[in-house]
file protein.cif (mmCIF, C-alpha atoms and all ligand atoms)
data_entry
#
loop_
_atom_site.label_atom_id
_atom_site.label_comp_id
_atom_site.auth_asym_id
_atom_site.auth_seq_id
_atom_site.Cartn_x
_atom_site.Cartn_y
_atom_site.Cartn_z
CA MET B 1 97.58 118.83 -100.54
CA ILE B 2 94.04 119.39 -101.85
CA GLU B 3 91.18 120.41 -99.64
CA CYS B 4 87.60 121.11 -100.62
CA LYS B 5 85.81 123.16 -97.98
CA ASN B 6 82.01 123.32 -98.22
CA VAL B 7 82.13 123.37 -102.00
CA SER B 8 78.84 123.91 -103.80
CA LYS B 9 78.24 124.32 -107.50
CA VAL B 10 74.94 125.50 -108.90
CA TYR B 11 74.62 125.82 -112.66
CA ILE B 12 72.43 128.77 -113.47
CA GLY B 13 68.97 128.50 -111.93
CA ASP B 14 69.22 124.79 -111.27
CA VAL B 15 69.49 122.33 -108.43
CA PRO B 16 73.02 122.11 -107.05
CA ALA B 17 75.37 119.78 -108.93
CA LEU B 18 77.48 119.74 -105.76
CA GLU B 19 76.33 120.66 -102.28
CA ASN B 20 78.60 121.35 -99.33
CA VAL B 21 81.29 118.94 -100.39
CA SER B 22 84.27 118.77 -98.03
CA PHE B 23 87.24 116.43 -98.11
CA LYS B 24 91.03 116.40 -98.05
CA ILE B 25 93.35 114.53 -100.35
CA LYS B 26 96.86 113.77 -99.19
CA GLU B 27 99.89 113.86 -101.42
CA LYS B 28 100.43 110.59 -103.30
CA GLU B 29 96.99 109.31 -102.45
CA PHE B 30 94.88 107.28 -104.90
CA ILE B 31 91.25 108.22 -104.44
CA SER B 32 88.16 107.19 -106.36
CA ILE B 33 85.03 109.32 -106.63
CA ILE B 34 82.11 107.09 -107.41
CA GLY B 35 78.46 107.80 -108.01
CA SER B 36 75.70 107.31 -110.54
CA SER B 37 75.09 109.48 -113.57
CA GLY B 38 74.46 113.10 -112.59
CA ALA B 39 75.94 112.66 -109.10
CA GLY B 40 78.46 115.45 -109.72
CA LYS B 41 81.71 113.58 -110.47
CA SER B 42 82.63 115.49 -113.62
CA THR B 43 81.64 118.77 -111.99
CA LEU B 44 84.02 118.03 -109.14
CA ALA B 45 86.77 117.02 -111.60
CA ARG B 46 86.35 120.28 -113.54
CA LEU B 47 86.46 122.35 -110.34
CA LEU B 48 89.68 120.63 -109.24
CA HIS B 49 91.15 121.25 -112.70
CA ALA B 50 90.16 124.95 -112.43
CA GLU B 51 87.93 124.77 -115.49
CA GLU B 52 85.02 126.11 -113.50
CA LYS B 53 84.65 127.95 -110.23
CA PRO B 54 82.57 126.81 -107.29
CA THR B 55 79.43 128.83 -106.51
CA SER B 56 80.57 128.82 -102.88
CA GLY B 57 83.26 127.22 -100.80
CA GLU B 58 87.01 126.94 -101.23
CA ILE B 59 89.30 124.57 -103.07
CA ILE B 60 92.73 124.74 -101.54
CA PHE B 61 95.66 123.38 -103.53
CA ASN B 62 99.05 123.74 -101.86
CA ASP B 63 97.75 126.49 -99.55
CA GLU B 64 96.11 128.55 -102.30
CA ASN B 65 92.42 128.86 -103.15
CA ILE B 66 92.21 127.88 -106.81
CA ALA B 67 88.74 129.45 -107.07
CA GLU B 68 90.54 132.82 -106.98
CA PHE B 69 93.08 132.00 -109.67
CA LYS B 70 93.34 134.29 -112.68
CA LYS B 71 94.42 133.17 -116.14
CA LYS B 72 98.15 132.77 -115.59
CA LYS B 73 97.73 130.89 -112.34
CA ILE B 74 95.11 128.67 -113.97
CA TRP B 75 97.63 127.65 -116.63
CA GLN B 76 100.21 126.94 -113.96
CA HIS B 77 97.65 124.92 -112.05
CA ARG B 78 96.91 122.76 -115.10
CA ARG B 79 100.58 121.88 -115.33
CA ASP B 80 100.42 120.64 -111.75
CA VAL B 81 97.10 118.89 -112.23
CA GLY B 82 96.66 116.84 -115.41
CA MET B 83 93.35 115.53 -116.69
CA VAL B 84 92.34 112.47 -118.69
CA PHE B 85 88.86 112.10 -120.18
CA GLN B 86 86.65 109.28 -121.36
CA ASP B 87 86.65 110.52 -124.95
CA PHE B 88 90.42 110.82 -125.36
CA LYS B 89 91.15 112.59 -128.58
CA LEU B 90 94.32 111.32 -130.15
CA LEU B 91 95.66 112.83 -133.34
CA PRO B 92 94.77 110.20 -135.96
CA LYS B 93 97.61 111.07 -138.34
CA LYS B 94 100.28 110.90 -135.68
CA ASN B 95 101.61 107.63 -134.32
CA VAL B 96 101.81 106.77 -130.62
CA PHE B 97 105.26 108.33 -130.19
CA GLU B 98 104.26 111.47 -132.06
CA ASN B 99 101.02 111.91 -130.12
CA VAL B 100 102.98 112.06 -126.87
CA ALA B 101 105.85 114.04 -128.42
CA PHE B 102 103.38 116.61 -129.75
CA ALA B 103 102.07 117.30 -126.25
CA MET B 104 105.68 117.97 -125.18
CA GLU B 105 106.33 120.26 -128.17
CA VAL B 106 103.23 122.27 -127.32
CA SER B 107 104.50 122.80 -123.80
CA GLY B 108 107.85 124.01 -125.14
CA LYS B 109 110.06 121.01 -124.43
CA SER B 110 113.31 120.58 -126.38
CA ASP B 111 113.91 117.81 -128.93
CA LYS B 112 116.42 116.30 -126.54
CA GLU B 113 113.90 116.17 -123.69
CA ILE B 114 111.31 114.70 -126.04
CA ALA B 115 113.68 111.99 -127.25
CA GLU B 116 114.51 111.10 -123.65
CA ASP B 117 111.13 111.37 -121.98
CA VAL B 118 108.66 109.88 -124.46
CA PRO B 119 110.10 106.33 -124.30
CA LYS B 120 110.16 106.49 -120.49
CA ILE B 121 106.54 107.62 -120.30
CA LEU B 122 105.42 105.00 -122.83
CA GLU B 123 107.21 102.33 -120.80
CA ILE B 124 105.33 103.40 -117.65
CA VAL B 125 101.93 103.04 -119.31
CA GLY B 126 102.90 99.72 -120.89
CA LEU B 127 103.11 100.89 -124.49
CA ALA B 128 106.77 100.24 -125.24
CA GLY B 129 106.92 98.61 -128.67
CA LEU B 130 103.82 100.37 -130.00
CA GLU B 131 105.59 103.68 -130.78
CA ASP B 132 105.04 103.41 -134.54
CA LYS B 133 101.38 102.38 -134.46
CA TYR B 134 98.64 104.81 -135.38
CA PRO B 135 95.58 105.25 -133.12
CA ASN B 136 93.37 103.16 -135.41
CA GLN B 137 95.85 100.27 -135.19
CA ILE B 138 95.67 99.86 -131.40
CA SER B 139 92.95 98.86 -128.93
CA GLY B 140 90.73 101.23 -126.97
CA GLY B 141 92.64 100.52 -123.76
CA GLU B 142 95.94 101.22 -125.51
CA GLN B 143 94.54 104.45 -126.95
CA GLN B 144 93.43 105.52 -123.51
CA ARG B 145 96.92 104.78 -122.20
CA VAL B 146 98.37 107.02 -124.91
CA SER B 147 96.09 109.77 -123.64
CA ILE B 148 97.34 109.10 -120.10
CA ALA B 149 100.94 109.26 -121.38
CA ARG B 150 100.11 112.59 -122.97
CA ALA B 151 98.79 113.91 -119.66
CA LEU B 152 102.06 112.92 -117.97
CA VAL B 153 104.43 114.98 -120.13
CA ASN B 154 104.35 117.94 -117.75
CA ARG B 155 105.02 115.65 -114.81
CA PRO B 156 101.84 116.68 -112.98
CA LYS B 157 101.66 116.24 -109.22
CA VAL B 158 98.04 115.18 -109.57
CA LEU B 159 96.28 113.30 -112.34
CA ILE B 160 92.49 113.47 -112.54
CA ALA B 161 90.91 110.76 -114.65
CA ASP B 162 87.23 111.34 -115.42
CA GLU B 163 85.63 108.07 -116.45
CA PRO B 164 88.79 106.87 -118.23
CA THR B 165 87.38 103.37 -118.67
CA GLY B 166 83.89 104.46 -119.71
CA ASN B 167 84.07 103.04 -123.23
CA LEU B 168 86.26 100.04 -122.56
CA ASP B 169 85.73 96.33 -122.05
CA PRO B 170 86.78 94.89 -118.65
CA ASP B 171 90.28 93.76 -119.75
CA SER B 172 91.09 97.08 -121.37
CA SER B 173 89.66 98.91 -118.36
CA TRP B 174 91.93 97.00 -116.08
CA SER B 175 95.00 97.81 -118.21
CA VAL B 176 94.13 101.50 -117.83
CA LEU B 177 93.66 101.17 -114.07
CA GLU B 178 96.96 99.29 -113.79
CA SER B 179 98.67 102.21 -115.49
CA LEU B 180 97.10 104.61 -113.00
CA ILE B 181 98.24 102.39 -110.12
CA LYS B 182 101.78 102.41 -111.49
CA ILE B 183 101.81 106.19 -111.99
CA ASN B 184 100.57 106.53 -108.41
CA LYS B 185 103.41 104.29 -107.18
CA TYR B 186 105.86 106.66 -108.86
CA GLY B 187 104.40 109.42 -106.68
CA THR B 188 101.56 111.09 -108.59
CA THR B 189 98.31 111.68 -106.72
CA ILE B 190 95.43 110.05 -108.62
CA ILE B 191 91.80 111.14 -108.54
CA LEU B 192 89.61 108.69 -110.43
CA ALA B 193 85.99 109.62 -111.15
CA THR B 194 83.97 106.62 -112.25
CA HIS B 195 80.66 104.85 -112.01
CA ASP B 196 82.43 101.49 -112.33
CA ARG B 197 81.84 99.94 -108.92
CA GLU B 198 83.62 96.72 -109.72
CA ALA B 199 86.78 98.56 -110.78
CA VAL B 200 86.75 100.55 -107.56
CA ASP B 201 86.18 97.39 -105.57
CA LYS B 202 89.18 95.78 -107.25
CA LEU B 203 91.36 98.81 -106.61
CA ASP B 204 90.72 98.58 -102.87
CA LYS B 205 91.73 102.20 -102.20
CA ARG B 206 89.99 105.21 -100.67
CA VAL B 207 86.51 105.83 -102.09
CA ILE B 208 84.24 108.85 -101.84
CA VAL B 209 80.64 108.14 -102.79
CA LEU B 210 78.69 111.04 -104.29
CA GLU B 211 74.92 111.02 -104.54
CA ASP B 212 72.93 113.98 -105.86
CA GLY B 213 75.92 116.24 -105.30
CA LYS B 214 76.52 115.22 -101.71
CA ILE B 215 79.16 112.99 -100.16
CA ILE B 216 77.35 110.07 -98.58
CA SER B 217 80.42 108.05 -97.68
CA ASP B 218 84.20 108.51 -97.50
CA LYS B 219 86.18 105.44 -96.58
CA GLU B 220 89.93 105.46 -96.19
CA THR B 221 90.52 101.96 -97.40
CA GLY B 222 88.64 98.79 -97.83
CA LYS B 223 86.42 97.53 -100.50
CA TYR B 224 83.42 99.30 -101.82
CA ASP B 225 80.63 97.07 -100.59
CA LEU B 226 78.59 96.19 -103.65
CA ASN B 227 75.66 94.99 -101.57
CA ASN B 228 75.59 97.85 -99.14
CA LYS B 229 76.86 101.03 -100.70
CA LYS B 230 77.16 102.88 -97.40
N1 LIG B 301 77.45 122.71 -117.87
C1 LIG B 301 76.34 122.39 -117.18
N2 LIG B 301 75.26 123.20 -117.15
C2 LIG B 301 74.17 122.90 -116.43
N3 LIG B 301 74.05 121.78 -115.68
C3 LIG B 301 75.09 120.93 -115.67
C4 LIG B 301 76.30 121.17 -116.42
N4 LIG B 301 77.15 120.15 -116.20
C5 LIG B 301 76.53 119.31 -115.37
N5 LIG B 301 75.30 119.75 -115.05
C6 LIG B 301 74.34 119.10 -114.13
O1 LIG B 301 75.00 118.90 -112.90
C7 LIG B 301 74.70 117.63 -112.34
C8 LIG B 301 75.99 116.83 -112.15
O2 LIG B 301 76.54 116.51 -113.44
P1 LIG B 301 77.93 115.81 -113.63
O3 LIG B 301 78.23 115.84 -115.07
O4 LIG B 301 78.93 116.43 -112.72
O5 LIG B 301 77.62 114.34 -113.14
P2 LIG B 301 78.47 112.99 -113.30
O6 LIG B 301 78.48 112.35 -111.96
O7 LIG B 301 79.77 113.29 -113.93
O8 LIG B 301 77.55 112.14 -114.28
P3 LIG B 301 77.99 111.05 -115.41
O9 LIG B 301 78.27 109.77 -114.68
O10 LIG B 301 76.78 110.95 -116.28
O11 LIG B 301 79.18 111.58 -116.14
C9 LIG B 301 73.72 116.98 -113.29
O12 LIG B 301 72.42 117.24 -112.81
C10 LIG B 301 73.94 117.72 -114.59
O13 LIG B 301 72.78 117.77 -115.36
MG MG B 302 80.70 112.64 -115.69
#
call {"tool": "encode", "arguments": {"input": "protein.cif", "output": "structure tokens"}}
result
Amino acid sequence: MIECKNVSKVYIGDVPALENVSFKIKEKEFISIIGSSGAGKSTLARLLHAEEKPTSGEIIFNDENIAEFKKKKIWQHRRDVGMVFQDFKLLPKKNVFENVAFAMEVSGKSDKEIAEDVPKILEIVGLAGLEDKYPNQISGGEQQRVSIARALVNRPKVLIADEPTGNLDPDSSWSVLESLIKINKYGTTIILATHDREAVDKLDKRVIVLEDGKIISDKETGKYDLNNKK
């Protein structure tokens, strides 16, 4: 479904942020990209989301090279591939329901669709009952799940989450990861970029380890070995 072929990214005049990165992601897979700060996780996430282009190499999504996409195709691509960030920005004057509904309005959905879909999406991310709360009335983990709900309104085939638990305590982090697991079970491919080794260990899914822009390990399943990272 997604294939990176010898992808490198060099920001102007600098050492490569990514160097010859190659891997394939199957449909409906849940994959974590782990690595320390500066390893290239966010760069890879942005390339997959078509926010930036690789310096060399190809990124194939459903048989097309997204590095060659022009504006219109990029917009289409971002409907297929949603993104969630660490610093989720919710609209403070809109409640939970309205924050998700607003994302649907922006993408041209009808009132009927909004009335039907928002409760379903909020149920999936475990926020049923919090519809009327404002962002400052809910926890960080709940806020992050609103931002995940928002990313789901276009029913993306793939959801990229870049450090979605970065600012959260362990319990809240786990509630966010549980939501991602559930979304994955419903059929969405999940790409999780994180430096949280314990979370990845707990997930027990495929893990790619990035170090200085290179893949140093890619394991199909099994736990990330905390004592021996290779
Ligand atoms: N816009 C940019 N311009 C120049 N260099 C950049 C840019 N973005 C990232 N870099 C560099 O590319 C390398 C990889 O950065 P990246 O943000 O992808 O790492 P990361 O794994 O996401 O790190 P973190 O865990 O801190 O978020 C780093 O050396 C970084 O300084
Ligand atoms: Mg990052």
call {"tool": "residues_near_ligand", "arguments": {"input": "protein.cif", "ligand": "ligand LIG 301 (chain B)", "cutoff": "9 Å", "atoms": "only C-alpha atoms and all ligand atoms", "output": "PyMOL selection string"}}
result
chain B and resi 9-18+33-46+162-163+193-195+210-213
call {"tool": "residues_around", "arguments": {"input": "protein.cif", "residues": "segment 121-132 of chain B", "least_positions_apart": "5", "cutoff": "6 Å", "atoms": "all atoms listed in the file", "output": "list in words"}}
result
Asn95, Val96, Phe97, Ala149 and Ser179 of chain B
call {"tool": "closest_residue", "arguments": {"input": "protein.cif", "among": "B:Arg150, B:Gly141, B:Asp117, B:Ile74", "to": "Leu91 of chain B", "atoms": "all atoms listed in the file"}}
result
B:Arg150
call {"tool": "atom_distance", "arguments": {"input": "protein.cif", "atom1": "atom CA of Ile160 of chain B", "atom2": "atom CA of Lys73 of chain B"}}
result
18.2 Å
call {"tool": "closest_residue", "arguments": {"input": "protein.cif", "among": "B:Glu105, B:Glu220, B:Asp87, B:Glu98", "to": "ligand MG 302 (chain B)", "atoms": "all atoms listed in the file"}}
result
B:Asp87
call {"tool": "closest_residue", "arguments": {"input": "protein.cif", "among": "B:Asn99, B:Thr55, B:Thr188, B:Thr165", "to": "ligand MG 302 (chain B)", "atoms": "only C-alpha atoms and all ligand atoms"}}
result
B:Thr165
call {"tool": "atom_distance", "arguments": {"input": "protein.cif", "atom1": "atom CA of Asn6 of chain B", "atom2": "atom CA of Pro164 of chain B"}}
result
26.8 Å
call {"tool": "closest_residue", "arguments": {"input": "protein.cif", "among": "B:Asp201, B:Asp196, B:Glu29, B:Asp111", "to": "ligand MG 302 (chain B)", "atoms": "only C-alpha atoms and all ligand atoms"}}
result
B:Asp196
call {"tool": "residues_around", "arguments": {"input": "protein.cif", "residues": "Trp75 of chain B", "least_positions_apart": "4", "cutoff": "12 Å", "atoms": "only C-alpha atoms", "output": "list of chain:residue names"}}
result
B:His49, B:Ala50, B:Glu51, B:Ile66, B:Phe69, B:Lys70, B:Lys71, B:Arg79, B:Asp80, B:Val81, B:Gly82, B:Ser107, B:Asn154
call {"tool": "closest_residue", "arguments": {"input": "protein.cif", "among": "B:Lys185, B:Lys112, B:Arg206, B:Arg78", "to": "Ala151 of chain B", "atoms": "all atoms listed in the file"}}
result
B:Arg78
call {"tool": "atom_distance", "arguments": {"input": "protein.cif", "atom1": "atom CA of Ile190 of chain B", "atom2": "atom CA of Ile31 of chain B"}}
result
6.2 Å
call {"tool": "closest_residue", "arguments": {"input": "protein.cif", "among": "B:Gly166, B:Lys120, B:Ser110, B:Asp171", "to": "ligand MG 302 (chain B)", "atoms": "all atoms listed in the file"}}
result
B:Gly166
call {"tool": "residues_near_point", "arguments": {"input": "protein.cif", "point": "(90.6, 102.2, -110.4)", "cutoff": "9 Å", "atoms": "only C-alpha atoms", "output": "short mmCIF file (atom, residue, chain, number, x, y, z; two decimals) with C-alpha atoms, in the coordinates of the input"}}
result
data_model
loop_
_atom_site.label_atom_id
_atom_site.label_comp_id
_atom_site.auth_asym_id
_atom_site.auth_seq_id
_atom_site.Cartn_x
_atom_site.Cartn_y
_atom_site.Cartn_z
CA PHE B 30 94.88 107.28 -104.90
CA ILE B 31 91.25 108.22 -104.44
CA SER B 32 88.16 107.19 -106.36
CA THR B 165 87.38 103.37 -118.67
CA SER B 173 89.66 98.91 -118.36
CA TRP B 174 91.93 97.00 -116.08
CA VAL B 176 94.13 101.50 -117.83
CA LEU B 177 93.66 101.17 -114.07
CA GLU B 178 96.96 99.29 -113.79
CA LEU B 180 97.10 104.61 -113.00
CA ILE B 181 98.24 102.39 -110.12
CA LEU B 192 89.61 108.69 -110.43
CA ALA B 193 85.99 109.62 -111.15
CA THR B 194 83.97 106.62 -112.25
CA ASP B 196 82.43 101.49 -112.33
CA GLU B 198 83.62 96.72 -109.72
CA ALA B 199 86.78 98.56 -110.78
CA VAL B 200 86.75 100.55 -107.56
CA ASP B 201 86.18 97.39 -105.57
CA LYS B 202 89.18 95.78 -107.25
CA LEU B 203 91.36 98.81 -106.61
CA ASP B 204 90.72 98.58 -102.87
CA LYS B 205 91.73 102.20 -102.20
#
call {"tool": "axis_aligned_box", "arguments": {"input": "protein.cif", "around": "segment 27-46 of chain B", "padding_each_side": "5 Å", "output": "JSON"}}
result
{"center_x": 87.4, "center_y": 113.7, "center_z": -107.5, "size_x": 36.0, "size_y": 23.2, "size_z": 22.2}
